[in-house]
Amino acid sequence: MKKFFDLIGLEMILFFAGIAGGITSLTKKPKEMTRGQKIITVLAGGFAANYLTPLLGDWLDLTDKSLYGIAFLLGYSGLKSVELFIQKLHTKLDDEQGKKN
């Protein structure tokens with residue numbers, strides 16, 4: 001099973017920290033969310049944390065211990081963190097492109 005998780009790039013500690021953040025975020029979500037929406041919200045938090053935490057850690061030169069907290073926060077913010085990340089990436093790429101021209 002570990003080989004499968006490694007194959008898809010799933011780092012369990014970051015994923016579970018994101019899941020915990022996603023579960024916590026449900027306290028601030030509308031009460032009328034369906035069970036399916038809640039599950040998707042929690043999983044999205046886990047995957048956002050899993051795949052974005054290492055990138056953010058490298059960008060900000062964070063320690064391994066602080067990555068767990070970042071993973072929780074990314075899980076809590078879920079897709080909003082993905083949107084913010086993409087905006088920052090576009091800004092960085094646009095800046096680099098402007099320097100070349």
# chains A, B, ... in the order shown; residues from 1 in each chain; ligands from 1
>>> select_by_dssp(residues="chain A", states="alpha helix (DSSP H)", output="PyMOL selection string")
chain A and resi 2-7+12-25+35-60+64-77+79-100
>>> residues_around(residues="Val82 in chain A", least_positions_apart="6", cutoff="12 Å", atoms="only C-alpha atoms", output="short mmCIF file (atom, residue, chain, number, x, y, z; two decimals) with N, CA and C atoms, in the first residue's frame")
data_model
loop_
_atom_site.label_atom_id
_atom_site.label_comp_id
_atom_site.auth_asym_id
_atom_site.auth_seq_id
_atom_site.Cartn_x
_atom_site.Cartn_y
_atom_site.Cartn_z
N ALA A 44 -10.68 17.47 -0.27
CA ALA A 44 -10.01 18.57 -0.98
C ALA A 44 -8.99 19.24 -0.07
N GLY A 45 -9.34 19.39 1.19
CA GLY A 45 -8.39 19.94 2.16
C GLY A 45 -7.17 19.06 2.32
N GLY A 46 -7.39 17.77 2.38
CA GLY A 46 -6.28 16.82 2.51
C GLY A 46 -5.36 16.85 1.30
N PHE A 47 -5.95 16.85 0.11
CA PHE A 47 -5.13 16.86 -1.10
C PHE A 47 -4.43 18.20 -1.31
N ALA A 48 -5.11 19.30 -1.01
CA ALA A 48 -4.48 20.62 -1.12
C ALA A 48 -3.27 20.68 -0.20
N ALA A 49 -3.43 20.21 1.03
CA ALA A 49 -2.32 20.21 1.98
C ALA A 49 -1.19 19.31 1.51
N ASN A 50 -1.53 18.14 1.02
CA ASN A 50 -0.52 17.19 0.59
C ASN A 50 0.36 17.73 -0.53
N TYR A 51 -0.26 18.32 -1.52
CA TYR A 51 0.50 18.73 -2.71
C TYR A 51 1.03 20.16 -2.64
N LEU A 52 0.43 21.03 -1.84
CA LEU A 52 0.89 22.42 -1.77
C LEU A 52 1.86 22.69 -0.63
N THR A 53 1.79 21.92 0.44
CA THR A 53 2.66 22.17 1.58
C THR A 53 4.15 22.11 1.22
N LEU A 55 5.57 22.73 -1.62
CA LEU A 55 5.88 23.90 -2.43
C LEU A 55 5.99 25.15 -1.56
N LEU A 56 5.03 25.34 -0.70
CA LEU A 56 5.03 26.50 0.18
C LEU A 56 6.22 26.44 1.14
N LEU A 73 -3.38 24.31 8.02
CA LEU A 73 -3.98 25.56 7.53
C LEU A 73 -4.43 25.45 6.08
N LEU A 74 -3.64 24.77 5.26
CA LEU A 74 -4.05 24.57 3.86
C LEU A 74 -5.28 23.68 3.78
N GLY A 75 -5.35 22.67 4.65
CA GLY A 75 -6.53 21.82 4.70
C GLY A 75 -7.75 22.59 5.14
N TYR A 76 -7.56 23.48 6.10
CA TYR A 76 -8.66 24.30 6.60
C TYR A 76 -9.18 25.24 5.51
N LYS A 88 -0.77 33.75 -7.01
CA LYS A 88 0.63 34.11 -6.71
C LYS A 88 1.57 33.55 -7.77
N LEU A 89 1.31 32.35 -8.22
CA LEU A 89 2.14 31.73 -9.25
C LEU A 89 2.06 32.51 -10.55
#
>>> closest_residue(among="A:Phe4, A:Trp59, A:Tyr68, A:Phe85", to="Phe16 in chain A", atoms="only C-alpha atoms")
A:Tyr68
>>> residues_around(residues="range 39-42 of chain A", least_positions_apart="6", cutoff="6 Å", atoms="only C-alpha atoms", output="list in words")
Ile19, Gly22 and Ile23 of chain A
>>> decode(residues="range 53-66 of chain A", atoms="all heavy atoms", output="PDB file, in the first residue's frame")
ATOM      1  N   THR A  53       1.789  21.917   0.442  1.00  0.00           N
ATOM      2  CA  THR A  53       2.664  22.165   1.583  1.00  0.00           C
ATOM      3  C   THR A  53       4.146  22.109   1.216  1.00  0.00           C
ATOM      4  O   THR A  53       4.896  23.011   1.593  1.00  0.00           O
ATOM      5  CB  THR A  53       2.355  21.197   2.740  1.00  0.00           C
ATOM      6  OG1 THR A  53       1.005  21.407   3.160  1.00  0.00           O
ATOM      7  CG2 THR A  53       3.285  21.416   3.916  1.00  0.00           C
ATOM      8  N   PRO A  54       4.602  21.089   0.487  1.00  0.00           N
ATOM      9  CA  PRO A  54       6.026  21.085   0.129  1.00  0.00           C
ATOM     10  C   PRO A  54       6.436  22.299  -0.717  1.00  0.00           C
ATOM     11  O   PRO A  54       7.522  22.847  -0.517  1.00  0.00           O
ATOM     12  CB  PRO A  54       6.194  19.785  -0.666  1.00  0.00           C
ATOM     13  CG  PRO A  54       5.082  18.906  -0.203  1.00  0.00           C
ATOM     14  CD  PRO A  54       3.936  19.842   0.066  1.00  0.00           C
ATOM     15  N   LEU A  55       5.569  22.728  -1.615  1.00  0.00           N
ATOM     16  CA  LEU A  55       5.882  23.900  -2.428  1.00  0.00           C
ATOM     17  C   LEU A  55       5.995  25.152  -1.565  1.00  0.00           C
ATOM     18  O   LEU A  55       6.945  25.930  -1.690  1.00  0.00           O
ATOM     19  CB  LEU A  55       4.801  24.113  -3.488  1.00  0.00           C
ATOM     20  CG  LEU A  55       4.730  23.098  -4.601  1.00  0.00           C
ATOM     21  CD1 LEU A  55       3.505  23.338  -5.463  1.00  0.00           C
ATOM     22  CD2 LEU A  55       5.983  23.140  -5.442  1.00  0.00           C
ATOM     23  N   LEU A  56       5.035  25.338  -0.702  1.00  0.00           N
ATOM     24  CA  LEU A  56       5.035  26.499   0.183  1.00  0.00           C
ATOM     25  C   LEU A  56       6.222  26.443   1.138  1.00  0.00           C
ATOM     26  O   LEU A  56       6.855  27.466   1.417  1.00  0.00           O
ATOM     27  CB  LEU A  56       3.714  26.557   0.956  1.00  0.00           C
ATOM     28  CG  LEU A  56       3.364  27.860   1.625  1.00  0.00           C
ATOM     29  CD1 LEU A  56       3.314  28.997   0.623  1.00  0.00           C
ATOM     30  CD2 LEU A  56       2.024  27.738   2.322  1.00  0.00           C
ATOM     31  N   GLY A  57       6.537  25.258   1.618  1.00  0.00           N
ATOM     32  CA  GLY A  57       7.684  25.088   2.505  1.00  0.00           C
ATOM     33  C   GLY A  57       8.990  25.479   1.833  1.00  0.00           C
ATOM     34  O   GLY A  57       9.844  26.127   2.440  1.00  0.00           O
ATOM     35  N   ASP A  58       9.139  25.097   0.565  1.00  0.00           N
ATOM     36  CA  ASP A  58      10.342  25.479  -0.180  1.00  0.00           C
ATOM     37  C   ASP A  58      10.393  26.978  -0.426  1.00  0.00           C
ATOM     38  O   ASP A  58      11.436  27.606  -0.277  1.00  0.00           O
ATOM     39  CB  ASP A  58      10.409  24.738  -1.513  1.00  0.00           C
ATOM     40  CG  ASP A  58      10.851  23.301  -1.361  1.00  0.00           C
ATOM     41  OD1 ASP A  58      11.315  22.916  -0.276  1.00  0.00           O
ATOM     42  OD2 ASP A  58      10.731  22.546  -2.349  1.00  0.00           O
ATOM     43  N   TRP A  59       9.273  27.561  -0.827  1.00  0.00           N
ATOM     44  CA  TRP A  59       9.226  28.999  -1.109  1.00  0.00           C
ATOM     45  C   TRP A  59       9.561  29.828   0.117  1.00  0.00           C
ATOM     46  O   TRP A  59      10.234  30.836   0.037  1.00  0.00           O
ATOM     47  CB  TRP A  59       7.855  29.406  -1.617  1.00  0.00           C
ATOM     48  CG  TRP A  59       7.645  29.187  -3.074  1.00  0.00           C
ATOM     49  CD1 TRP A  59       8.515  28.645  -3.970  1.00  0.00           C
ATOM     50  CD2 TRP A  59       6.466  29.505  -3.804  1.00  0.00           C
ATOM     51  NE1 TRP A  59       7.947  28.602  -5.203  1.00  0.00           N
ATOM     52  CE2 TRP A  59       6.689  29.120  -5.144  1.00  0.00           C
ATOM     53  CE3 TRP A  59       5.244  30.057  -3.463  1.00  0.00           C
ATOM     54  CZ2 TRP A  59       5.747  29.282  -6.138  1.00  0.00           C
ATOM     55  CZ3 TRP A  59       4.302  30.223  -4.463  1.00  0.00           C
ATOM     56  CH2 TRP A  59       4.550  29.839  -5.781  1.00  0.00           C
ATOM     57  N   LEU A  60       9.054  29.384   1.287  1.00  0.00           N
ATOM     58  CA  LEU A  60       9.228  30.170   2.509  1.00  0.00           C
ATOM     59  C   LEU A  60      10.376  29.668   3.385  1.00  0.00           C
ATOM     60  O   LEU A  60      10.603  30.203   4.465  1.00  0.00           O
ATOM     61  CB  LEU A  60       7.922  30.171   3.317  1.00  0.00           C
ATOM     62  CG  LEU A  60       6.711  30.758   2.601  1.00  0.00           C
ATOM     63  CD1 LEU A  60       5.468  30.609   3.453  1.00  0.00           C
ATOM     64  CD2 LEU A  60       6.956  32.210   2.222  1.00  0.00           C
ATOM     65  N   ASP A  61      11.075  28.615   2.919  1.00  0.00           N
ATOM     66  CA  ASP A  61      12.204  28.044   3.647  1.00  0.00           C
ATOM     67  C   ASP A  61      11.804  27.673   5.081  1.00  0.00           C
ATOM     68  O   ASP A  61      12.420  28.110   6.052  1.00  0.00           O
ATOM     69  CB  ASP A  61      13.390  29.014   3.649  1.00  0.00           C
ATOM     70  CG  ASP A  61      14.690  28.314   4.016  1.00  0.00           C
ATOM     71  OD1 ASP A  61      14.824  27.105   3.772  1.00  0.00           O
ATOM     72  OD2 ASP A  61      15.577  29.000   4.574  1.00  0.00           O
ATOM     73  N   LEU A  62      10.748  26.854   5.188  1.00  0.00           N
ATOM     74  CA  LEU A  62      10.210  26.458   6.492  1.00  0.00           C
ATOM     75  C   LEU A  62      10.860  25.174   6.996  1.00  0.00           C
ATOM     76  O   LEU A  62      11.340  24.363   6.215  1.00  0.00           O
ATOM     77  CB  LEU A  62       8.697  26.255   6.388  1.00  0.00           C
ATOM     78  CG  LEU A  62       7.886  27.469   5.951  1.00  0.00           C
ATOM     79  CD1 LEU A  62       6.444  27.086   5.710  1.00  0.00           C
ATOM     80  CD2 LEU A  62       7.982  28.571   6.987  1.00  0.00           C
ATOM     81  N   THR A  63      10.823  24.971   8.309  1.00  0.00           N
ATOM     82  CA  THR A  63      11.331  23.736   8.897  1.00  0.00           C
ATOM     83  C   THR A  63      10.301  22.623   8.716  1.00  0.00           C
ATOM     84  O   THR A  63       9.119  22.885   8.466  1.00  0.00           O
ATOM     85  CB  THR A  63      11.604  23.912  10.398  1.00  0.00           C
ATOM     86  OG1 THR A  63      10.357  24.140  11.058  1.00  0.00           O
ATOM     87  CG2 THR A  63      12.551  25.060  10.658  1.00  0.00           C
ATOM     88  N   ASP A  64      10.743  21.390   8.886  1.00  0.00           N
ATOM     89  CA  ASP A  64       9.834  20.255   8.753  1.00  0.00           C
ATOM     90  C   ASP A  64       8.682  20.326   9.745  1.00  0.00           C
ATOM     91  O   ASP A  64       7.543  20.017   9.407  1.00  0.00           O
ATOM     92  CB  ASP A  64      10.582  18.935   8.940  1.00  0.00           C
ATOM     93  CG  ASP A  64      11.455  18.588   7.747  1.00  0.00           C
ATOM     94  OD1 ASP A  64      11.251  19.197   6.670  1.00  0.00           O
ATOM     95  OD2 ASP A  64      12.332  17.723   7.878  1.00  0.00           O
ATOM     96  N   LYS A  65       8.967  20.717  10.973  1.00  0.00           N
ATOM     97  CA  LYS A  65       7.918  20.798  12.001  1.00  0.00           C
ATOM     98  C   LYS A  65       6.853  21.823  11.633  1.00  0.00           C
ATOM     99  O   LYS A  65       5.671  21.609  11.872  1.00  0.00           O
ATOM    100  CB  LYS A  65       8.516  21.151  13.368  1.00  0.00           C
ATOM    101  CG  LYS A  65       9.411  20.090  13.920  1.00  0.00           C
ATOM    102  CD  LYS A  65       8.620  18.944  14.463  1.00  0.00           C
ATOM    103  CE  LYS A  65       9.573  17.964  15.128  1.00  0.00           C
ATOM    104  NZ  LYS A  65       8.913  16.748  15.493  1.00  0.00           N
ATOM    105  N   SER A  66       7.247  22.945  11.064  1.00  0.00           N
ATOM    106  CA  SER A  66       6.265  23.970  10.712  1.00  0.00           C
ATOM    107  C   SER A  66       5.416  23.553   9.518  1.00  0.00           C
ATOM    108  O   SER A  66       4.314  24.068   9.332  1.00  0.00           O
ATOM    109  CB  SER A  66       6.942  25.318  10.448  1.00  0.00           C
ATOM    110  OG  SER A  66       7.856  25.221   9.391  1.00  0.00           O
TER     111      SER A  66
END
